[in-house]
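Everything below belongs to run_11.pdb, which stores PDB, C-alpha atoms.
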ATOM      1  CA  MET M   1     -21.234 -19.630  26.420
ATOM      2  CA  LYS M   2     -19.692 -16.211  25.916
ATOM      3  CA  PRO M   3     -17.750 -15.498  22.664
ATOM      4  CA  ASN M   4     -14.095 -16.532  22.889
ATOM      5  CA  SER M   5     -14.879 -18.506  26.064
ATOM      6  CA  TYR M   6     -13.962 -22.140  25.407
ATOM      7  CA  PRO M   7     -13.679 -25.190  27.669
ATOM      8  CA  LYS M   8     -10.173 -26.190  28.697
ATOM      9  CA  ILE M   9      -8.869 -29.181  26.769
ATOM     10  CA  LYS M  10      -6.413 -31.619  28.309
ATOM     11  CA  ILE M  11      -3.880 -32.964  25.833
ATOM     12  CA  ASP M  12      -2.762 -36.570  26.179
ATOM     13  CA  LEU M  13       0.724 -36.723  24.658
ATOM     14  CA  LYS M  14       0.403 -40.497  24.241
ATOM     15  CA  MET M  15      -2.649 -40.152  22.022
ATOM     16  CA  SER M  16      -0.525 -40.188  18.872
ATOM     17  CA  ASP M  17       0.758 -43.649  19.796
ATOM     18  CA  ASN M  18      -2.706 -45.192  19.985
ATOM     19  CA  ILE M  19      -4.959 -43.293  17.576
ATOM     20  CA  PRO M  20      -4.489 -43.102  13.772
ATOM     21  CA  ILE M  21      -3.507 -39.662  12.472
ATOM     22  CA  GLU M  22      -6.708 -39.496  10.387
ATOM     23  CA  LEU M  23      -8.829 -39.800  13.517
ATOM     24  CA  GLN M  24      -6.611 -37.332  15.380
ATOM     25  CA  SER M  25      -7.230 -34.846  12.577
ATOM     26  CA  GLU M  26     -11.002 -35.309  12.841
ATOM     27  CA  ILE M  27     -10.813 -34.635  16.575
ATOM     28  CA  ILE M  28      -8.617 -31.553  16.623
ATOM     29  CA  LYS M  29     -10.254 -29.867  13.618
ATOM     30  CA  ARG M  30     -13.288 -29.324  15.863
ATOM     31  CA  VAL M  31     -11.459 -27.252  18.478
ATOM     32  CA  PRO M  32     -11.268 -23.426  18.363
ATOM     33  CA  VAL M  33      -8.315 -21.489  16.999
ATOM     34  CA  LYS M  34      -7.129 -20.539  20.487
ATOM     35  CA  SER M  35      -6.593 -24.219  21.317
ATOM     36  CA  LEU M  36      -4.933 -24.926  17.958
ATOM     37  CA  LEU M  37      -2.242 -22.389  18.815
ATOM     38  CA  GLN M  38      -1.313 -24.577  21.785
ATOM     39  CA  PHE M  39      -1.733 -27.859  19.902
ATOM     40  CA  ARG M  40       0.956 -26.888  17.357
ATOM     41  CA  SER M  41       3.579 -27.351  20.072
ATOM     42  CA  VAL M  42       2.486 -30.925  20.900
ATOM     43  CA  SER M  43       4.555 -32.481  18.112
ATOM     44  CA  LYS M  44       6.056 -31.727  14.708
ATOM     45  CA  ARG M  45       3.404 -33.963  13.133
ATOM     46  CA  TRP M  46       0.578 -31.979  14.702
ATOM     47  CA  LYS M  47       2.205 -28.669  13.747
ATOM     48  CA  SER M  48       2.507 -29.788  10.122
ATOM     49  CA  LEU M  49      -1.090 -31.046  10.133
ATOM     50  CA  ILE M  50      -2.601 -27.914  11.682
ATOM     51  CA  GLU M  51      -0.720 -25.575   9.307
ATOM     52  CA  SER M  52      -1.649 -27.523   6.157
ATOM     53  CA  SER M  53      -4.088 -25.922   3.695
ATOM     54  CA  GLU M  54      -6.328 -29.022   3.789
ATOM     55  CA  PHE M  55      -6.692 -28.851   7.565
ATOM     56  CA  ILE M  56      -7.352 -25.090   7.479
ATOM     57  CA  ALA M  57     -10.130 -25.637   4.925
ATOM     58  CA  ASP M  58     -11.773 -28.409   6.959
ATOM     59  CA  HIS M  59     -11.421 -26.462  10.196
ATOM     60  CA  SER M  60     -13.135 -23.395   8.766
ATOM     61  CA  VAL M  61     -16.059 -25.571   7.633
ATOM     62  CA  ASN M  62     -16.499 -27.197  11.051
ATOM     63  CA  GLN M  63     -16.236 -23.990  13.071
ATOM     64  CA  THR M  64     -19.195 -21.663  13.595
ATOM     65  CA  GLN M  65     -17.315 -18.816  15.219
ATOM     66  CA  PRO M  66     -18.671 -15.288  14.647
ATOM     67  CA  HIS M  67     -17.260 -12.995  11.985
ATOM     68  CA  HIS M  68     -14.753 -10.341  12.978
ATOM     69  CA  LEU M  69     -14.381  -6.747  11.828
ATOM     70  CA  LEU M  70     -10.679  -5.936  11.461
ATOM     71  CA  LEU M  71      -9.800  -2.254  11.844
ATOM     72  CA  ARG M  72      -6.434  -0.546  11.387
ATOM     73  CA  TYR M  73      -5.368   2.586  13.239
ATOM     74  CA  THR M  74      -2.256   4.495  14.293
ATOM     75  CA  GLU M  75      -1.375   5.177  17.915
ATOM     76  CA  ARG M  76       1.701   7.274  18.699
ATOM     77  CA  SER M  77       3.006   6.666  15.164
ATOM     78  CA  GLU M  78       2.671   2.895  15.627
ATOM     79  CA  LEU M  79       0.450   0.804  13.345
ATOM     80  CA  LYS M  80      -2.080  -1.300  15.255
ATOM     81  CA  TYR M  81      -5.081  -3.483  14.541
ATOM     82  CA  VAL M  82      -8.202  -4.371  16.495
ATOM     83  CA  SER M  83     -10.556  -7.255  15.678
ATOM     84  CA  ILE M  84     -14.138  -6.845  16.888
ATOM     85  CA  VAL M  85     -16.519  -9.803  17.147
ATOM     86  CA  ASP M  86     -19.461  -9.161  14.823
ATOM     87  CA  ASP M  87     -22.415 -10.418  16.860
ATOM     88  CA  ASP M  88     -25.053  -9.097  19.251
ATOM     89  CA  SER M  89     -22.320  -8.021  21.664
ATOM     90  CA  PHE M  90     -20.745  -5.639  19.109
ATOM     91  CA  PRO M  91     -18.477  -3.801  19.855
ATOM     92  CA  GLN M  92     -17.749  -5.164  23.336
ATOM     93  CA  HIS M  93     -15.604  -8.216  22.508
ATOM     94  CA  LYS M  94     -12.292  -7.184  20.984
ATOM     95  CA  PHE M  95      -9.001  -8.822  20.087
ATOM     96  CA  PHE M  96      -5.753  -6.917  19.502
ATOM     97  CA  PRO M  97      -3.578  -9.021  17.170
ATOM     98  CA  THR M  98       0.177  -8.504  17.067
ATOM     99  CA  VAL M  99       1.207  -6.770  13.841
ATOM    100  CA  PRO M 100       4.053  -8.497  11.925
ATOM    101  CA  PRO M 101       7.298  -6.454  12.026
ATOM    102  CA  THR M 102       7.394  -6.101   8.237
ATOM    103  CA  ALA M 103       3.821  -4.807   8.099
ATOM    104  CA  LYS M 104       4.855  -1.923  10.350
ATOM    105  CA  LEU M 105       7.357  -0.832   7.678
ATOM    106  CA  LEU M 106       4.816  -0.682   4.851
ATOM    107  CA  LYS M 107       4.187   2.822   3.560
ATOM    108  CA  TYR M 108       1.579   4.015   1.054
ATOM    109  CA  ASN M 109      -0.498   0.899   1.718
ATOM    110  CA  ARG M 110      -2.331  -0.014  -1.465
ATOM    111  CA  MET M 111      -4.264  -3.044  -0.274
ATOM    112  CA  ASN M 112      -5.714  -4.288   2.986
ATOM    113  CA  TYR M 113      -8.091  -7.162   2.359
ATOM    114  CA  SER M 114      -9.335 -10.176   4.290
ATOM    115  CA  SER M 115     -10.301 -13.590   2.951
ATOM    116  CA  HIS M 116     -10.781 -16.823   4.911
ATOM    117  CA  GLY M 117      -9.141 -15.217   7.938
ATOM    118  CA  LEU M 118      -6.077 -14.017   5.985
ATOM    119  CA  VAL M 119      -5.161 -10.353   5.644
ATOM    120  CA  CYS M 120      -3.260  -9.129   2.593
ATOM    121  CA  LEU M 121      -1.179  -5.962   3.000
ATOM    122  CA  CYS M 122       0.834  -4.271   0.274
ATOM    123  CA  GLY M 123       3.046  -1.216   0.309
ATOM    124  CA  PHE M 124       6.487   0.257  -0.195
ATOM    125  CA  VAL M 125       9.271  -0.362   2.337
ATOM    126  CA  HIS M 126      11.665   2.584   2.237
ATOM    127  CA  ASP M 127      14.352   0.779   4.235
ATOM    128  CA  LEU M 128      14.462  -2.037   1.668
ATOM    129  CA  LYS M 129      13.581   0.171  -1.333
ATOM    130  CA  LYS M 130      11.081  -2.333  -2.657
ATOM    131  CA  HIS M 131       7.404  -3.170  -2.707
ATOM    132  CA  LEU M 132       6.351  -5.954  -0.379
ATOM    133  CA  ILE M 133       3.177  -7.933   0.110
ATOM    134  CA  VAL M 134       2.482  -9.427   3.524
ATOM    135  CA  LEU M 135       0.007 -12.271   3.939
ATOM    136  CA  TRP M 136      -0.957 -12.304   7.591
ATOM    137  CA  ASN M 137      -3.067 -14.650   9.683
ATOM    138  CA  PRO M 138      -3.761 -12.612  12.860
ATOM    139  CA  TRP M 139      -5.387 -15.522  14.678
ATOM    140  CA  ILE M 140      -2.388 -17.884  14.601
ATOM    141  CA  ARG M 141       0.167 -15.050  14.509
ATOM    142  CA  LYS M 142       1.839 -16.119  11.264
ATOM    143  CA  SER M 143       2.821 -13.978   8.276
ATOM    144  CA  VAL M 144       4.569 -14.450   4.934
ATOM    145  CA  GLU M 145       6.578 -11.749   3.148
ATOM    146  CA  ILE M 146       6.359 -11.642  -0.654
ATOM    147  CA  VAL M 147       8.643  -9.518  -2.804
ATOM    148  CA  PHE M 148       6.722  -7.763  -5.570
ATOM    149  CA  PRO M 149       8.997  -7.615  -8.657
ATOM    150  CA  TYR M 150       6.524  -6.003 -11.070
ATOM    151  CA  ILE M 151       5.018  -2.565 -11.626
ATOM    152  CA  LEU M 152       2.398  -2.059  -8.936
ATOM    153  CA  ASN M 153      -0.952  -1.543 -10.653
ATOM    154  CA  ALA M 154      -4.199  -3.445  -9.994
ATOM    155  CA  LEU M 155      -3.859  -6.102  -7.327
ATOM    156  CA  GLY M 156      -6.365  -8.704  -6.243
ATOM    157  CA  PHE M 157      -6.326 -11.211  -3.406
ATOM    158  CA  GLY M 158      -8.461 -14.252  -2.652
ATOM    159  CA  VAL M 159      -8.425 -17.893  -1.623
ATOM    160  CA  CYS M 160      -9.122 -20.582  -4.221
ATOM    161  CA  PRO M 161     -12.327 -22.309  -3.027
ATOM    162  CA  LYS M 162     -11.231 -25.670  -4.457
ATOM    163  CA  THR M 163      -7.677 -25.938  -3.108
ATOM    164  CA  MET M 164      -7.841 -23.272  -0.333
ATOM    165  CA  ASP M 165      -4.586 -21.907  -1.764
ATOM    166  CA  PRO M 166      -4.239 -18.111  -1.289
ATOM    167  CA  LYS M 167      -3.597 -16.279  -4.569
ATOM    168  CA  ILE M 168      -2.521 -12.766  -5.490
ATOM    169  CA  VAL M 169      -3.056 -11.458  -9.020
ATOM    170  CA  ASN M 170      -1.591  -8.318 -10.605
ATOM    171  CA  ILE M 171      -2.914  -6.778 -13.834
ATOM    172  CA  THR M 172      -1.253  -3.955 -15.743
ATOM    173  CA  CYS M 173      -3.103  -1.319 -17.745
ATOM    174  CA  LYS M 174      -2.249  -3.278 -20.901
ATOM    175  CA  ALA M 175      -3.773  -6.450 -19.390
ATOM    176  CA  ASN M 176      -0.582  -8.357 -18.739
ATOM    177  CA  ALA M 177      -1.027 -10.455 -15.617
ATOM    178  CA  GLN M 178       0.977 -12.310 -13.000
ATOM    179  CA  VAL M 179      -0.295 -14.703 -10.333
ATOM    180  CA  TYR M 180       1.331 -15.662  -7.043
ATOM    181  CA  THR M 181       0.225 -18.787  -5.175
ATOM    182  CA  LEU M 182       1.213 -19.372  -1.579
ATOM    183  CA  SER M 183       1.728 -23.097  -2.215
ATOM    184  CA  SER M 184       4.407 -22.450  -4.864
ATOM    185  CA  ARG M 185       5.873 -19.297  -3.252
ATOM    186  CA  ALA M 186       6.464 -17.964  -6.771
ATOM    187  CA  TRP M 187       5.092 -15.530  -9.357
ATOM    188  CA  ARG M 188       4.184 -16.677 -12.866
ATOM    189  CA  HIS M 189       2.745 -15.018 -15.940
ATOM    190  CA  VAL M 190      -0.761 -15.953 -17.049
ATOM    191  CA  SER M 191      -2.666 -15.179 -20.221
ATOM    192  CA  THR M 192      -5.619 -12.803 -19.939
ATOM    193  CA  ASN M 193      -7.023 -13.007 -23.496
ATOM    194  CA  LEU M 194      -8.769  -9.680 -22.871
ATOM    195  CA  ARG M 195      -9.756  -7.162 -25.543
ATOM    196  CA  VAL M 196      -7.662  -4.192 -24.476
ATOM    197  CA  PRO M 197      -8.567  -0.628 -25.568
ATOM    198  CA  GLU M 198      -5.802   1.257 -27.364
ATOM    199  CA  THR M 199      -5.482   3.546 -24.347
ATOM    200  CA  GLY M 200      -5.387   0.631 -21.918
ATOM    201  CA  PHE M 201      -7.397   0.174 -18.712
ATOM    202  CA  SER M 202      -7.739   2.564 -15.799
ATOM    203  CA  PHE M 203      -8.651   0.601 -12.680
ATOM    204  CA  LYS M 204     -11.084   2.226 -10.269
ATOM    205  CA  SER M 205     -10.785   1.795  -6.498
ATOM    206  CA  TYR M 206     -10.214  -1.723  -5.198
ATOM    207  CA  HIS M 207     -11.728  -5.122  -5.893
ATOM    208  CA  GLU M 208     -14.376  -7.473  -4.506
ATOM    209  CA  VAL M 209     -14.320 -11.271  -4.209
ATOM    210  CA  ILE M 210     -17.607 -13.143  -4.586
ATOM    211  CA  ASP M 211     -18.004 -16.924  -4.956
ATOM    212  CA  GLY M 212     -14.327 -17.446  -5.763
ATOM    213  CA  ILE M 213     -14.157 -14.689  -8.405
ATOM    214  CA  ILE M 214     -12.290 -11.378  -8.124
ATOM    215  CA  TYR M 215     -13.915  -8.326  -9.744
ATOM    216  CA  TRP M 216     -12.384  -4.961 -10.720
ATOM    217  CA  VAL M 217     -14.181  -2.060 -12.368
ATOM    218  CA  THR M 218     -12.328  -0.086 -15.055
ATOM    219  CA  CYS M 219     -12.689   2.497 -17.782
ATOM    220  CA  ASN M 220     -10.339   3.632 -20.522
ATOM    221  CA  GLU M 221      -8.006   6.600 -20.120
ATOM    222  CA  SER M 222     -10.556   8.992 -21.640
ATOM    223  CA  GLY M 223     -12.997   8.163 -18.833
ATOM    224  CA  SER M 224     -15.529   6.321 -20.999
ATOM    225  CA  CYS M 225     -16.412   2.698 -21.799
ATOM    226  CA  GLY M 226     -16.850   1.209 -18.331
ATOM    227  CA  LYS M 227     -15.897  -2.444 -17.962
ATOM    228  CA  ILE M 228     -15.691  -5.096 -15.276
ATOM    229  CA  ILE M 229     -12.708  -7.453 -15.311
ATOM    230  CA  SER M 230     -13.101 -10.765 -13.491
ATOM    231  CA  PHE M 231     -10.627 -13.458 -12.457
ATOM    232  CA  ASN M 232     -11.698 -16.966 -11.500
ATOM    233  CA  LEU M 233      -9.486 -18.126  -8.625
ATOM    234  CA  THR M 234     -10.025 -21.800  -9.533
ATOM    235  CA  SER M 235      -9.677 -21.857 -13.335
ATOM    236  CA  GLU M 236      -7.472 -18.712 -13.457
ATOM    237  CA  GLU M 237      -9.502 -17.455 -16.400
ATOM    238  CA  PHE M 238     -10.215 -13.774 -16.984
ATOM    239  CA  GLY M 239     -13.490 -12.297 -18.110
ATOM    240  CA  LEU M 240     -14.464  -8.884 -19.487
ATOM    241  CA  ILE M 241     -17.936  -7.383 -19.131
ATOM    242  CA  GLU M 242     -18.935  -4.257 -21.067
ATOM    243  CA  LEU M 243     -20.857  -1.654 -19.048
ATOM    244  CA  GLN M 244     -21.143   1.377 -21.292
ATOM    245  CA  ASP M 245     -24.787   0.702 -22.195
ATOM    246  CA  SER M 246     -25.830   0.670 -18.542
ATOM    247  CA  LEU M 247     -23.951   3.510 -16.872
ATOM    248  CA  GLU M 248     -24.292   7.213 -17.480
ATOM    249  CA  ASP M 249     -20.757   8.255 -16.478
ATOM    250  CA  PRO M 250     -18.241   5.352 -16.597
ATOM    251  CA  GLY M 251     -15.426   7.659 -15.495
ATOM    252  CA  HIS M 252     -16.657   7.709 -11.888
ATOM    253  CA  LEU M 253     -17.107   4.097 -10.844
ATOM    254  CA  CYS M 254     -16.555   2.058  -7.717
ATOM    255  CA  ILE M 255     -17.186  -1.644  -7.180
ATOM    256  CA  SER M 256     -18.781  -3.139  -4.084
ATOM    257  CA  LYS M 257     -21.121  -5.982  -3.117
ATOM    258  CA  VAL M 258     -24.560  -6.379  -1.567
ATOM    259  CA  LYS M 259     -25.877  -9.770  -0.446
ATOM    260  CA  GLU M 260     -23.041 -11.554  -2.294
ATOM    261  CA  SER M 261     -23.861  -9.803  -5.571
ATOM    262  CA  VAL M 262     -21.616  -7.413  -7.504
ATOM    263  CA  VAL M 263     -22.662  -3.793  -7.150
ATOM    264  CA  VAL M 264     -21.327  -0.859  -9.189
ATOM    265  CA  LEU M 265     -21.492   2.602  -7.640
ATOM    266  CA  ASN M 266     -21.774   5.323 -10.277
ATOM    267  CA  TYR M 267     -20.902   8.780  -8.870
ATOM    268  CA  ASP M 268     -21.612  11.999 -10.709
ATOM    269  CA  LYS M 269     -18.746  14.389 -11.453
ATOM    270  CA  SER M 270     -19.416  16.498  -8.353
ATOM    271  CA  ASP M 271     -19.748  13.426  -6.063
ATOM    272  CA  GLU M 272     -23.129  14.751  -4.919
ATOM    273  CA  ALA M 273     -25.146  11.809  -6.207
ATOM    274  CA  CYS M 274     -24.470   8.095  -6.543
ATOM    275  CA  GLY M 275     -26.373   5.553  -8.598
ATOM    276  CA  VAL M 276     -26.334   1.989  -7.255
ATOM    277  CA  TRP M 277     -26.403  -0.747  -9.905
ATOM    278  CA  MET M 278     -26.541  -4.488  -9.179
ATOM    279  CA  MET M 279     -25.257  -7.157 -11.538
ATOM    280  CA  THR M 280     -27.793  -9.729 -12.681
ATOM    281  CA  LYS M 281     -27.133 -13.206 -14.031
ATOM    282  CA  ASN M 282     -28.620 -12.217 -17.378
ATOM    283  CA  VAL M 283     -26.025 -12.812 -20.116
ATOM    284  CA  ASP M 284     -27.405  -9.956 -22.240
ATOM    285  CA  PRO M 285     -24.865  -7.102 -21.831
ATOM    286  CA  LYS M 286     -27.567  -4.469 -22.339
ATOM    287  CA  SER M 287     -29.448  -5.643 -19.248
ATOM    288  CA  LEU M 288     -26.499  -6.865 -17.210
ATOM    289  CA  LEU M 289     -26.988  -4.217 -14.504
ATOM    290  CA  ILE M 290     -30.215  -3.133 -12.874
ATOM    291  CA  LYS M 291     -30.448   0.225 -11.140
ATOM    292  CA  LEU M 292     -31.508  -0.132  -7.505
ATOM    293  CA  PHE M 293     -31.671   3.547  -6.513
ATOM    294  CA  THR M 294     -29.862   6.909  -6.604
ATOM    295  CA  GLU M 295     -28.547   8.418  -3.378
ATOM    296  CA  GLU M 296     -28.314  12.224  -3.329
TER
END
Spit out the file's structure as structure tokens when you get a sec.
Amino acid sequence: MKPNSYPKIKIDLKMSDNIPIELQSEIIKRVPVKSLLQFRSVSKRWKSLIESSEFIADHSVNQTQPHHLLLRYTERSELKYVSIVDDDSFPQHKFFPTVPPTAKLLKYNRMNYSSHGLVCLCGFVHDLKKHLIVLWNPWIRKSVEIVFPYILNALGFGVCPKTMDPKIVNITCKANAQVYTLSSRAWRHVSTNLRVPETGFSFKSYHEVIDGIIYWVTCNESGSCGKIISFNLTSEEFGLIELQDSLEDPGHLCISKVKESVVVLNYDKSDEACGVWMMTKNVDPKSLLIKLFTEE
């Protein structure tokens, strides 16, 4: 069967009268997303079920659909996206999702990340004179607008693996933090308990999410003392990992991942060479990172 080619499913509107809702859920969680879009209009009960976080979590486990590469581009001053199926047919099978109206207004986009099929966009809306975050599910054409009331600094986005609740976390240079959960639709302050340098943190590039943990790489304002800050999406606990004994120039860092492991890219001052360091599970800070190679 070709990708995105699914058998037609006939819906019996009387099924809800004869089959328990638990069994209905087990049946429809095994159908593809394209069919779920139609199933939401069957009844209010089905719509509520299909859009619940529990159903979304179970559906993602049962489905074996290929991964998609989501690309953003501008055509005639209009923001557009294209999703490309990541399989042997790449890049033949494409999907052009409809961009939410608010996302088109975002300027100076600071974040564009995907997790569990959700895309998180953040930027400044000149018409509204405020920062907005847009959580967008391109596959079911739903989006949520979130007003950002704090100073925009280091943002992270991920889905809690235990509750499947999307979370956004913001950390300031002085390690104050706020967390937004989609289930509560509200921001709240959380304690970081981090040892903050007198000059504060300078966050480098973006973040990575691995095994339910968000990672940022930082240094202090003088460009020394590299550190990794982590945030556990389940426990909401922060962690701080010292890197100065492993890296030659902490002022030029970038975080990435290879084979679901944290990788720190250490560029030289001229950007002509890059050392690639992988995090190990060794708790000894002096041997936390191992150098894989240097690309010149």
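Our summary of the geometry notes that atom CA of Leu289 of chain M is positioned 16.0 Å from atom CA of His252 of chain M.
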Please evaluate the PyMOL selection byres ((chain M and resi 150-153) around 12) against the displayed coordinates and give the resulting residues as a compact mmCIF listing (two decimals) with C-alpha atoms, in the frame of the given file.
# COMPACT_ATOMS: atom_id res chain seq x y z
CA TYR M 108 1.58 4.01 1.05
CA ASN M 109 -0.50 0.90 1.72
CA ARG M 110 -2.33 -0.01 -1.46
CA MET M 111 -4.26 -3.04 -0.27
CA CYS M 122 0.83 -4.27 0.27
CA GLY M 123 3.05 -1.22 0.31
CA PHE M 124 6.49 0.26 -0.20
CA LYS M 130 11.08 -2.33 -2.66
CA HIS M 131 7.40 -3.17 -2.71
CA LEU M 132 6.35 -5.95 -0.38
CA ILE M 133 3.18 -7.93 0.11
CA ILE M 146 6.36 -11.64 -0.65
CA VAL M 147 8.64 -9.52 -2.80
CA PHE M 148 6.72 -7.76 -5.57
CA PRO M 149 9.00 -7.62 -8.66
CA ALA M 154 -4.20 -3.44 -9.99
CA LEU M 155 -3.86 -6.10 -7.33
CA GLY M 156 -6.36 -8.70 -6.24
CA VAL M 169 -3.06 -11.46 -9.02
CA ASN M 170 -1.59 -8.32 -10.60
CA ILE M 171 -2.91 -6.78 -13.83
CA THR M 172 -1.25 -3.96 -15.74
CA CYS M 173 -3.10 -1.32 -17.74
CA LYS M 174 -2.25 -3.28 -20.90
CA ALA M 175 -3.77 -6.45 -19.39
CA ASN M 176 -0.58 -8.36 -18.74
CA ALA M 177 -1.03 -10.46 -15.62
CA GLN M 178 0.98 -12.31 -13.00
CA VAL M 179 -0.30 -14.70 -10.33
CA TYR M 180 1.33 -15.66 -7.04
CA TRP M 187 5.09 -15.53 -9.36
CA ARG M 188 4.18 -16.68 -12.87
CA HIS M 189 2.74 -15.02 -15.94
CA PHE M 201 -7.40 0.17 -18.71
CA SER M 202 -7.74 2.56 -15.80
CA PHE M 203 -8.65 0.60 -12.68
CA LYS M 204 -11.08 2.23 -10.27
CA SER M 205 -10.78 1.80 -6.50
CA TYR M 206 -10.21 -1.72 -5.20
CA TRP M 216 -12.38 -4.96 -10.72
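The space separating atom CA of Leu49 of chain M from atom CA of Pro20 of chain M comes to 13.0 Å.
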Which residues are near Leu194 of chain M? Cut-off 9 Å, all atoms listed in the file, ignore same chain within fewer than 6 positions. Put them as a list in words.
Ala175, Ile229, Phe238, Gly239 and Leu240 of chain M
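Rounded to one decimal, atom CA of Cys219 of chain M and atom CA of Ser261 of chain M lie 20.6 Å from each other.
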In terms of all atoms listed in the file, the residue from M:His116, M:Lys142, M:Arg76, M:Lys29 at minimal distance from Gly158 of chain M is M:His116
May I have the residues at most 9 Å from (-0.3, -7.2, 14.8) in the file's coordinates, counting all atoms listed in the file, as a list in words?
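Using all atoms listed in the file, the matching residues come out as Leu79, Lys80, Tyr81, Val82, Phe96, Pro97, Thr98, Val99, Pro100, Pro101, Ala103, Lys104, Trp136, Pro138 and Arg141 of chain M.
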Output check: residues returned by the PyMOL selection byres ((chain M and resi 214) around 6), as a count of residues only:
6
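Residue nearest Ser48 of chain M within the list M:Ile27, M:Val33, M:Val276, M:Ile21: M:Ile21 [criterion: smallest interatomic distance, only C-alpha atoms].
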Which residues come within 8 Å of Leu292 of chain M, counting all atoms listed in the file, excluding same-chain residues fewer than 2 positions away, as a PyMOL selection string?
chain M and resi 275-278+290+294
So which residues touch Val144 of chain M within 10 Å, counting all atoms listed in the file, skipping near sequence neighbours fewer than 3 positions away, as a list in words?
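Those residues are Pro100, Thr102, Cys120, Ile133, Val134, Leu135, Trp136, Asn137, Leu182 and Arg185 of chain M.
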May I have the centre and edge lengths, in Å to one decimal, of an axis-aligned box around the listed atoms of segment 227-230 of chain M with 8 Å added to every side, as JSON?
{"center_x": -14.3, "center_y": -6.6, "center_z": -15.7, "size_x": 19.2, "size_y": 24.3, "size_z": 20.5}
Surrounding residues of Thr234 of chain M excluding itself and chain neighbours under 6 positions, 9 Å, all atoms listed in the file, as number ranges by chain:
M: 159-163, 212-213
Which residue of M:Ile168, M:Val264, M:Val196, M:Leu71 approaches Asn232 of chain M most closely, using all atoms listed in the file:
M:Ile168
Please determine, counting all atoms listed in the file, which residue among M:Ser25, M:Thr181, M:Ser115, M:Ser235 has the shortest atom-to-atom distance to Glu51 of chain M.
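Looking at the shortest contact to Glu51 of chain M, the residue is M:Ser25.
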Quick one: of M:Val190, M:Ala273, M:Ile50, M:Cys254, who's nearest to Glu236 of chain M, counting only C-alpha atoms?
M:Val190
The PyMOL selection byres ((chain M and resi 46) around 12) on the file shown: which residues, as a count of residues only?
27
